[in-house]
Amino acid sequence: MVATKGTEARLYTALAGGVLLPFGGWIYAWTSFPNVHFIAPCIGITLLYAGMYLIYVAVFQYLADAYGFYASSALSAQSFVRNCVGAVFPLVVRPMYGSLGIQGAGSLTAGISTLLSLTPFVLYRYGAYLRANSPFAKQLALHQATVDKEADRKNAGVSSNGERERKEKELEIDLERQEDKEIIVS
(Lines give C-alpha, C1' and ligand atoms only; values in the text may rest on other atoms or scores of the structure.)
Protein backbone atom coordinates (compact mmCIF):
# COMPACT_ATOMS: atom_id res chain seq x y z
CA MET A 1 0.00 0.00 0.00
CA VAL A 2 2.90 2.37 0.75
CA ALA A 3 4.23 1.85 -2.76
CA THR A 4 0.99 3.09 -4.34
CA LYS A 5 0.02 5.86 -1.89
CA GLY A 6 3.51 6.98 -0.92
CA THR A 7 4.65 7.97 2.51
CA GLU A 8 1.22 9.34 3.38
CA ALA A 9 -0.13 5.78 3.55
CA ARG A 10 1.53 5.59 6.98
CA LEU A 11 -0.96 8.17 8.26
CA TYR A 12 -4.14 6.07 8.09
CA THR A 13 -4.02 5.22 11.80
CA ALA A 14 -3.17 8.84 12.61
CA LEU A 15 -6.36 9.87 10.84
CA ALA A 16 -8.33 7.58 13.16
CA GLY A 17 -6.38 8.95 16.12
CA GLY A 18 -7.16 12.48 14.96
CA VAL A 19 -10.84 11.70 15.46
CA LEU A 20 -10.49 9.77 18.74
CA LEU A 21 -8.22 12.28 20.50
CA PRO A 22 -10.52 15.32 20.60
CA PHE A 23 -13.63 13.17 20.88
CA GLY A 24 -12.21 11.54 24.02
CA GLY A 25 -11.12 14.92 25.37
CA TRP A 26 -14.59 16.42 25.01
CA ILE A 27 -16.21 13.35 26.59
CA TYR A 28 -13.86 13.59 29.56
CA ALA A 29 -14.36 17.34 29.98
CA TRP A 30 -18.14 17.24 29.96
CA THR A 31 -18.77 14.07 31.92
CA SER A 32 -16.58 15.00 34.89
CA PHE A 33 -19.48 16.00 37.11
CA PRO A 34 -20.24 14.41 40.48
CA ASN A 35 -23.71 13.32 39.30
CA VAL A 36 -22.37 11.47 36.20
CA HIS A 37 -21.28 7.84 36.56
CA PHE A 38 -17.51 7.48 36.91
CA ILE A 39 -17.23 5.25 33.85
CA ALA A 40 -18.10 8.09 31.45
CA PRO A 41 -14.91 10.12 32.03
CA CYS A 42 -12.94 6.86 32.01
CA ILE A 43 -14.30 6.10 28.54
CA GLY A 44 -13.32 9.60 27.44
CA ILE A 45 -9.77 9.19 28.76
CA THR A 46 -9.50 5.77 27.11
CA LEU A 47 -10.50 7.22 23.74
CA LEU A 48 -8.15 10.18 24.27
CA TYR A 49 -5.14 7.95 24.98
CA ALA A 50 -6.00 5.54 22.18
CA GLY A 51 -6.04 8.51 19.80
CA MET A 52 -2.74 9.80 21.17
CA TYR A 53 -1.12 6.39 20.77
CA LEU A 54 -2.37 5.96 17.20
CA ILE A 55 -1.10 9.40 16.21
CA TYR A 56 2.29 8.91 17.88
CA VAL A 57 3.00 5.54 16.27
CA ALA A 58 1.78 6.62 12.83
CA VAL A 59 3.83 9.83 12.87
CA PHE A 60 6.85 7.82 14.03
CA GLN A 61 6.50 5.58 10.95
CA TYR A 62 5.73 8.55 8.70
CA LEU A 63 8.89 10.36 9.75
CA ALA A 64 10.97 7.22 9.23
CA ASP A 65 9.63 6.88 5.68
CA ALA A 66 9.73 10.58 4.83
CA TYR A 67 13.28 11.21 6.01
CA GLY A 68 14.83 7.89 4.94
CA PHE A 69 18.58 8.28 5.44
CA TYR A 70 18.07 10.93 8.16
CA ALA A 71 15.22 9.12 9.93
CA SER A 72 17.10 8.78 13.21
CA SER A 73 17.51 12.56 13.41
CA ALA A 74 13.84 13.17 12.66
CA LEU A 75 12.73 10.57 15.20
CA SER A 76 15.03 11.93 17.89
CA ALA A 77 13.69 15.44 17.24
CA GLN A 78 10.14 14.11 17.62
CA SER A 79 11.05 12.41 20.89
CA PHE A 80 12.83 15.54 22.13
CA VAL A 81 9.77 17.73 21.51
CA ARG A 82 7.50 15.15 23.14
CA ASN A 83 9.74 15.01 26.21
CA CYS A 84 9.94 18.81 26.46
CA VAL A 85 6.14 19.09 26.33
CA GLY A 86 5.92 16.29 28.90
CA ALA A 87 8.32 18.16 31.18
CA VAL A 88 6.49 21.51 30.94
CA PHE A 89 2.90 20.25 31.03
CA PRO A 90 2.85 19.28 34.74
CA LEU A 91 3.99 22.81 35.62
CA VAL A 92 0.99 24.26 33.77
CA VAL A 93 -1.74 21.74 34.58
CA ARG A 94 -2.17 22.29 38.33
CA PRO A 95 -2.68 26.07 38.09
CA MET A 96 -4.85 25.65 34.99
CA TYR A 97 -7.19 23.12 36.61
CA GLY A 98 -7.17 25.15 39.83
CA SER A 99 -8.33 28.33 38.14
CA LEU A 100 -10.54 26.96 35.32
CA GLY A 101 -11.98 23.90 37.04
CA ILE A 102 -12.24 20.42 35.56
CA GLN A 103 -14.74 21.32 32.83
CA GLY A 104 -12.99 24.55 31.82
CA ALA A 105 -9.47 23.13 31.76
CA GLY A 106 -10.69 19.93 30.12
CA SER A 107 -12.50 21.97 27.47
CA LEU A 108 -9.38 24.06 26.85
CA THR A 109 -7.19 20.99 26.32
CA ALA A 110 -9.93 19.34 24.22
CA GLY A 111 -10.15 22.48 22.07
CA ILE A 112 -6.39 22.54 21.59
CA SER A 113 -6.41 18.83 20.72
CA THR A 114 -9.26 19.46 18.26
CA LEU A 115 -7.14 22.04 16.44
CA LEU A 116 -4.00 19.90 16.54
CA SER A 117 -5.87 16.78 15.43
CA LEU A 118 -6.23 18.39 12.01
CA THR A 119 -2.46 17.93 11.49
CA PRO A 120 -2.64 14.28 10.27
CA PHE A 121 -5.36 15.25 7.80
CA VAL A 122 -3.28 18.16 6.49
CA LEU A 123 -0.18 15.94 6.20
CA TYR A 124 -2.18 13.27 4.42
CA ARG A 125 -3.53 15.78 1.93
CA TYR A 126 -0.52 18.06 1.41
CA GLY A 127 2.46 15.99 2.65
CA ALA A 128 3.77 15.15 -0.82
CA TYR A 129 3.43 18.80 -1.88
CA LEU A 130 5.26 20.02 1.22
CA ARG A 131 8.11 17.55 0.68
CA ALA A 132 8.32 18.47 -3.01
CA ASN A 133 8.85 22.14 -2.10
CA SER A 134 11.29 21.50 0.74
CA PRO A 135 14.97 22.04 -0.19
CA PHE A 136 16.00 19.47 2.43
CA ALA A 137 13.56 16.88 1.09
CA LYS A 138 14.84 17.47 -2.46
CA GLN A 139 18.41 16.91 -1.29
CA LEU A 140 17.30 13.79 0.57
CA ALA A 141 15.50 12.44 -2.52
CA LEU A 142 18.61 13.07 -4.64
CA HIS A 143 20.79 11.25 -2.12
CA GLN A 144 18.37 8.31 -1.96
CA ALA A 145 18.23 8.13 -5.77
CA THR A 146 22.04 8.03 -5.89
CA VAL A 147 22.16 5.23 -3.33
CA ASP A 148 19.45 3.28 -5.19
CA LYS A 149 21.22 3.74 -8.53
CA GLU A 150 24.51 2.48 -7.05
CA ALA A 151 22.75 -0.58 -5.59
CA ASP A 152 21.05 -1.28 -8.93
CA ARG A 153 24.37 -0.93 -10.73
CA LYS A 154 26.04 -3.43 -8.38
CA ASN A 155 23.15 -5.88 -8.72
CA ALA A 156 23.09 -5.50 -12.50
CA GLY A 157 26.81 -6.28 -12.67
CA VAL A 158 26.27 -9.66 -11.03
CA SER A 159 23.26 -10.79 -13.05
CA SER A 160 23.81 -9.17 -16.45
CA ASN A 161 24.37 -11.33 -19.56
CA GLY A 162 23.84 -14.51 -17.62
CA GLU A 163 26.96 -13.92 -15.54
CA ARG A 164 25.36 -15.45 -12.47
CA GLU A 165 24.42 -18.58 -14.41
CA ARG A 166 27.93 -18.75 -15.88
CA LYS A 167 29.51 -18.54 -12.42
CA GLU A 168 27.22 -21.29 -11.13
CA LYS A 169 28.19 -23.51 -14.09
CA GLU A 170 31.89 -22.87 -13.44
CA LEU A 171 31.40 -23.82 -9.79
CA GLU A 172 29.65 -27.06 -10.78
CA ILE A 173 32.45 -27.93 -13.21
CA ASP A 174 35.10 -27.22 -10.55
CA LEU A 175 33.26 -29.48 -8.09
CA GLU A 176 33.04 -32.28 -10.69
CA ARG A 177 36.77 -31.98 -11.43
CA GLN A 178 37.54 -32.09 -7.70
CA GLU A 179 35.44 -35.26 -7.33
CA ASP A 180 37.16 -36.83 -10.35
CA LYS A 181 40.60 -36.09 -8.85
CA GLU A 182 39.55 -37.66 -5.56
CA ILE A 183 38.37 -40.82 -7.36
CA ILE A 184 41.63 -41.13 -9.32
CA VAL A 185 43.75 -40.61 -6.20
CA SER A 186 41.88 -43.27 -4.22
# chains A, B, ... in the order shown; residues from 1 in each chain; ligands from 1
call {"tool": "residues_around", "arguments": {"residues": "range 113-117 of chain A", "least_positions_apart": "2", "cutoff": "6 Å", "atoms": "only C-alpha atoms", "output": "PDB file with N, CA and C atoms, in the first residue's frame"}}
result
ATOM      1  N   GLY A  18      -6.750  11.081  15.027  1.00  0.00           N
ATOM      2  CA  GLY A  18      -7.161  12.484  14.962  1.00  0.00           C
ATOM      3  C   GLY A  18      -8.630  12.683  15.258  1.00  0.00           C
ATOM      4  N   PRO A  22      -9.648  14.251  20.098  1.00  0.00           N
ATOM      5  CA  PRO A  22     -10.521  15.323  20.603  1.00  0.00           C
ATOM      6  C   PRO A  22     -11.872  14.799  21.101  1.00  0.00           C
ATOM      7  N   ALA A 110      -9.201  19.998  25.316  1.00  0.00           N
ATOM      8  CA  ALA A 110      -9.929  19.338  24.224  1.00  0.00           C
ATOM      9  C   ALA A 110      -9.990  20.242  22.999  1.00  0.00           C
ATOM     10  N   GLY A 111     -10.150  21.540  23.200  1.00  0.00           N
ATOM     11  CA  GLY A 111     -10.153  22.478  22.074  1.00  0.00           C
ATOM     12  C   GLY A 111      -8.802  22.533  21.380  1.00  0.00           C
ATOM     13  N   THR A 119      -3.801  18.100  12.064  1.00  0.00           N
ATOM     14  CA  THR A 119      -2.464  17.927  11.487  1.00  0.00           C
ATOM     15  C   THR A 119      -2.339  16.648  10.652  1.00  0.00           C
TER      16      THR A 119
END
call {"tool": "residues_around", "arguments": {"residues": "Leu108 in chain A", "least_positions_apart": "4", "cutoff": "10 Å", "atoms": "only C-alpha atoms", "output": "list of chain:residue names"}}
result
A:Gly25, A:Trp26, A:Ala29, A:Met96, A:Leu100, A:Ile102, A:Gln103, A:Gly104, A:Ile112, A:Ser113, A:Thr114
call {"tool": "write_last_selection", "arguments": {"atoms": "all heavy atoms", "output": "PDB file, in the first residue's frame"}}
result
ATOM      1  N   GLY A  25     -11.330  13.749  24.523  1.00  0.00           N
ATOM      2  CA  GLY A  25     -11.120  14.921  25.372  1.00  0.00           C
ATOM      3  C   GLY A  25     -12.418  15.616  25.728  1.00  0.00           C
ATOM      4  O   GLY A  25     -12.624  16.024  26.875  1.00  0.00           O
ATOM      5  N   TRP A  26     -13.293  15.763  24.754  1.00  0.00           N
ATOM      6  CA  TRP A  26     -14.585  16.417  25.014  1.00  0.00           C
ATOM      7  C   TRP A  26     -15.466  15.546  25.913  1.00  0.00           C
ATOM      8  O   TRP A  26     -16.172  16.065  26.781  1.00  0.00           O
ATOM      9  CB  TRP A  26     -15.312  16.742  23.714  1.00  0.00           C
ATOM     10  CG  TRP A  26     -14.683  17.873  22.968  1.00  0.00           C
ATOM     11  CD1 TRP A  26     -14.013  17.807  21.790  1.00  0.00           C
ATOM     12  CD2 TRP A  26     -14.643  19.245  23.368  1.00  0.00           C
ATOM     13  NE1 TRP A  26     -13.552  19.043  21.425  1.00  0.00           N
ATOM     14  CE2 TRP A  26     -13.936  19.962  22.374  1.00  0.00           C
ATOM     15  CE3 TRP A  26     -15.133  19.950  24.450  1.00  0.00           C
ATOM     16  CZ2 TRP A  26     -13.704  21.319  22.449  1.00  0.00           C
ATOM     17  CZ3 TRP A  26     -14.910  21.317  24.524  1.00  0.00           C
ATOM     18  CH2 TRP A  26     -14.204  21.990  23.531  1.00  0.00           C
ATOM     19  N   ALA A  29     -14.102  16.006  29.422  1.00  0.00           N
ATOM     20  CA  ALA A  29     -14.358  17.339  29.979  1.00  0.00           C
ATOM     21  C   ALA A  29     -15.808  17.508  30.422  1.00  0.00           C
ATOM     22  O   ALA A  29     -16.071  18.111  31.461  1.00  0.00           O
ATOM     23  CB  ALA A  29     -14.001  18.408  28.950  1.00  0.00           C
ATOM     24  N   MET A  96      -3.769  25.551  35.966  1.00  0.00           N
ATOM     25  CA  MET A  96      -4.849  25.650  34.992  1.00  0.00           C
ATOM     26  C   MET A  96      -6.125  24.993  35.529  1.00  0.00           C
ATOM     27  O   MET A  96      -7.205  25.587  35.465  1.00  0.00           O
ATOM     28  CB  MET A  96      -4.428  24.978  33.676  1.00  0.00           C
ATOM     29  CG  MET A  96      -5.477  25.061  32.581  1.00  0.00           C
ATOM     30  SD  MET A  96      -4.906  24.388  31.011  1.00  0.00           S
ATOM     31  CE  MET A  96      -4.845  22.640  31.359  1.00  0.00           C
ATOM     32  N   LEU A 100      -9.450  27.167  36.292  1.00  0.00           N
ATOM     33  CA  LEU A 100     -10.539  26.964  35.325  1.00  0.00           C
ATOM     34  C   LEU A 100     -11.526  25.882  35.747  1.00  0.00           C
ATOM     35  O   LEU A 100     -12.621  25.802  35.200  1.00  0.00           O
ATOM     36  CB  LEU A 100      -9.967  26.609  33.947  1.00  0.00           C
ATOM     37  CG  LEU A 100      -9.102  27.661  33.260  1.00  0.00           C
ATOM     38  CD1 LEU A 100      -8.551  27.125  31.949  1.00  0.00           C
ATOM     39  CD2 LEU A 100      -9.898  28.929  33.025  1.00  0.00           C
ATOM     40  N   ILE A 102     -12.401  21.615  36.390  1.00  0.00           N
ATOM     41  CA  ILE A 102     -12.241  20.415  35.559  1.00  0.00           C
ATOM     42  C   ILE A 102     -12.856  20.619  34.176  1.00  0.00           C
ATOM     43  O   ILE A 102     -12.226  20.324  33.161  1.00  0.00           O
ATOM     44  CB  ILE A 102     -12.850  19.179  36.254  1.00  0.00           C
ATOM     45  CG1 ILE A 102     -12.042  18.845  37.503  1.00  0.00           C
ATOM     46  CG2 ILE A 102     -12.873  17.984  35.313  1.00  0.00           C
ATOM     47  CD1 ILE A 102     -12.615  17.736  38.342  1.00  0.00           C
ATOM     48  N   GLN A 103     -14.075  21.145  34.125  1.00  0.00           N
ATOM     49  CA  GLN A 103     -14.735  21.316  32.832  1.00  0.00           C
ATOM     50  C   GLN A 103     -14.051  22.384  31.976  1.00  0.00           C
ATOM     51  O   GLN A 103     -13.860  22.212  30.766  1.00  0.00           O
ATOM     52  CB  GLN A 103     -16.218  21.661  32.998  1.00  0.00           C
ATOM     53  CG  GLN A 103     -17.077  20.503  33.430  1.00  0.00           C
ATOM     54  CD  GLN A 103     -16.899  20.164  34.904  1.00  0.00           C
ATOM     55  OE1 GLN A 103     -16.607  21.034  35.719  1.00  0.00           O
ATOM     56  NE2 GLN A 103     -17.069  18.899  35.251  1.00  0.00           N
ATOM     57  N   GLY A 104     -13.650  23.474  32.581  1.00  0.00           N
ATOM     58  CA  GLY A 104     -12.993  24.547  31.822  1.00  0.00           C
ATOM     59  C   GLY A 104     -11.626  24.134  31.295  1.00  0.00           C
ATOM     60  O   GLY A 104     -11.308  24.336  30.119  1.00  0.00           O
ATOM     61  N   ILE A 112      -7.734  22.556  22.181  1.00  0.00           N
ATOM     62  CA  ILE A 112      -6.391  22.541  21.586  1.00  0.00           C
ATOM     63  C   ILE A 112      -6.164  21.241  20.826  1.00  0.00           C
ATOM     64  O   ILE A 112      -5.625  21.242  19.714  1.00  0.00           O
ATOM     65  CB  ILE A 112      -5.315  22.753  22.677  1.00  0.00           C
ATOM     66  CG1 ILE A 112      -5.415  24.176  23.228  1.00  0.00           C
ATOM     67  CG2 ILE A 112      -3.920  22.479  22.146  1.00  0.00           C
ATOM     68  CD1 ILE A 112      -4.571  24.424  24.472  1.00  0.00           C
ATOM     69  N   SER A 113      -6.592  20.115  21.418  1.00  0.00           N
ATOM     70  CA  SER A 113      -6.407  18.835  20.722  1.00  0.00           C
ATOM     71  C   SER A 113      -7.270  18.758  19.463  1.00  0.00           C
ATOM     72  O   SER A 113      -6.886  18.115  18.491  1.00  0.00           O
ATOM     73  CB  SER A 113      -6.713  17.656  21.650  1.00  0.00           C
ATOM     74  OG  SER A 113      -8.089  17.558  21.927  1.00  0.00           O
ATOM     75  N   THR A 114      -8.429  19.425  19.469  1.00  0.00           N
ATOM     76  CA  THR A 114      -9.263  19.464  18.258  1.00  0.00           C
ATOM     77  C   THR A 114      -8.528  20.184  17.140  1.00  0.00           C
ATOM     78  O   THR A 114      -8.520  19.726  15.994  1.00  0.00           O
ATOM     79  CB  THR A 114     -10.613  20.146  18.548  1.00  0.00           C
ATOM     80  OG1 THR A 114     -11.296  19.422  19.565  1.00  0.00           O
ATOM     81  CG2 THR A 114     -11.478  20.206  17.311  1.00  0.00           C
TER      82      THR A 114
END
call {"tool": "residues_around", "arguments": {"residues": "Leu11 in chain A", "least_positions_apart": "6", "cutoff": "10 Å", "atoms": "only C-alpha atoms", "output": "PyMOL selection string"}}
result
chain A and resi 17+54-55+57-62+120-121+123-124
call {"tool": "write_last_selection", "arguments": {"atoms": "N, CA and C atoms", "output": "mmCIF file, in the first residue's frame"}}
result
data_model
loop_
_atom_site.group_PDB
_atom_site.id
_atom_site.type_symbol
_atom_site.label_atom_id
_atom_site.label_comp_id
_atom_site.auth_asym_id
_atom_site.auth_seq_id
_atom_site.Cartn_x
_atom_site.Cartn_y
_atom_site.Cartn_z
ATOM 1 N N GLY A 17 -6.761 8.324 14.852
ATOM 2 C CA GLY A 17 -6.384 8.954 16.119
ATOM 3 C C GLY A 17 -6.780 10.413 16.172
ATOM 4 N N LEU A 54 -2.287 6.161 18.650
ATOM 5 C CA LEU A 54 -2.374 5.959 17.196
ATOM 6 C C LEU A 54 -1.632 7.059 16.433
ATOM 7 N N ILE A 55 -1.786 8.285 16.875
ATOM 8 C CA ILE A 55 -1.097 9.399 16.211
ATOM 9 C C ILE A 55 0.407 9.276 16.393
ATOM 10 N N VAL A 57 2.385 6.643 17.019
ATOM 11 C CA VAL A 57 2.997 5.541 16.268
ATOM 12 C C VAL A 57 2.975 5.816 14.765
ATOM 13 N N ALA A 58 1.874 6.341 14.262
ATOM 14 C CA ALA A 58 1.777 6.616 12.828
ATOM 15 C C ALA A 58 2.755 7.712 12.406
ATOM 16 N N VAL A 59 2.891 8.751 13.209
ATOM 17 C CA VAL A 59 3.830 9.827 12.870
ATOM 18 C C VAL A 59 5.263 9.330 12.978
ATOM 19 N N PHE A 60 5.529 8.440 13.913
ATOM 20 C CA PHE A 60 6.854 7.819 14.028
ATOM 21 C C PHE A 60 7.201 7.095 12.726
ATOM 22 N N GLN A 61 6.275 6.292 12.215
ATOM 23 C CA GLN A 61 6.498 5.577 10.948
ATOM 24 C C GLN A 61 6.574 6.538 9.769
ATOM 25 N N TYR A 62 5.745 7.560 9.776
ATOM 26 C CA TYR A 62 5.732 8.551 8.698
ATOM 27 C C TYR A 62 7.075 9.264 8.610
ATOM 28 N N PRO A 120 -2.766 15.471 11.132
ATOM 29 C CA PRO A 120 -2.638 14.279 10.274
ATOM 30 C C PRO A 120 -3.416 14.409 8.963
ATOM 31 N N PHE A 121 -4.565 15.074 9.015
ATOM 32 C CA PHE A 121 -5.364 15.253 7.798
ATOM 33 C C PHE A 121 -4.656 16.187 6.812
ATOM 34 N N LEU A 123 -1.344 16.678 6.719
ATOM 35 C CA LEU A 123 -0.180 15.941 6.205
ATOM 36 C C LEU A 123 -0.596 14.911 5.159
ATOM 37 N N TYR A 124 -1.717 14.260 5.385
ATOM 38 C CA TYR A 124 -2.176 13.268 4.422
ATOM 39 C C TYR A 124 -2.503 13.927 3.082
#
call {"tool": "residues_around", "arguments": {"residues": "range 127-144 of chain A", "least_positions_apart": "5", "cutoff": "8 Å", "atoms": "only C-alpha atoms", "output": "VMD selection string"}}
result
chain A and resid 7 to 8 67 to 69 122
call {"tool": "atom_distance", "arguments": {"atom1": "CA of Pro90 in chain A", "atom2": "CA of Tyr28 in chain A"}}
result
18.4 Å
call {"tool": "residues_around", "arguments": {"residues": "Leu75 in chain A", "least_positions_apart": "4", "cutoff": "7 Å", "atoms": "only C-alpha atoms", "output": "PyMOL selection string"}}
result
chain A and resi 60+63+71+79
call {"tool": "write_last_selection", "arguments": {"atoms": "N, CA and C atoms", "output": "PDB file, in the first residue's frame"}}
result
ATOM      1  N   PHE A  60       5.529   8.440  13.913  1.00  0.00           N
ATOM      2  CA  PHE A  60       6.854   7.819  14.028  1.00  0.00           C
ATOM      3  C   PHE A  60       7.201   7.095  12.726  1.00  0.00           C
ATOM      4  N   LEU A  63       7.601   9.683   9.750  1.00  0.00           N
ATOM      5  CA  LEU A  63       8.894  10.361   9.748  1.00  0.00           C
ATOM      6  C   LEU A  63      10.007   9.439   9.276  1.00  0.00           C
ATOM      7  N   ALA A  71      16.365   9.460   9.079  1.00  0.00           N
ATOM      8  CA  ALA A  71      15.219   9.117   9.926  1.00  0.00           C
ATOM      9  C   ALA A  71      15.560   9.181  11.403  1.00  0.00           C
ATOM     10  N   SER A  79      10.998  12.832  19.489  1.00  0.00           N
ATOM     11  CA  SER A  79      11.047  12.410  20.892  1.00  0.00           C
ATOM     12  C   SER A  79      11.464  13.560  21.805  1.00  0.00           C
TER      13      SER A  79
END
call {"tool": "closest_residue", "arguments": {"among": "A:Val93, A:Gly101, A:Phe80, A:Phe23", "to": "Gly51 in chain A", "atoms": "only C-alpha atoms"}}
result
A:Phe23
call {"tool": "closest_residue", "arguments": {"among": "A:Gly106, A:Gly86, A:Pro95, A:Gly24", "to": "Tyr49 in chain A", "atoms": "only C-alpha atoms"}}
result
A:Gly24
call {"tool": "atom_distance", "arguments": {"atom1": "CA of Gln78 in chain A", "atom2": "CA of Ala66 in chain A"}}
result
13.3 Å
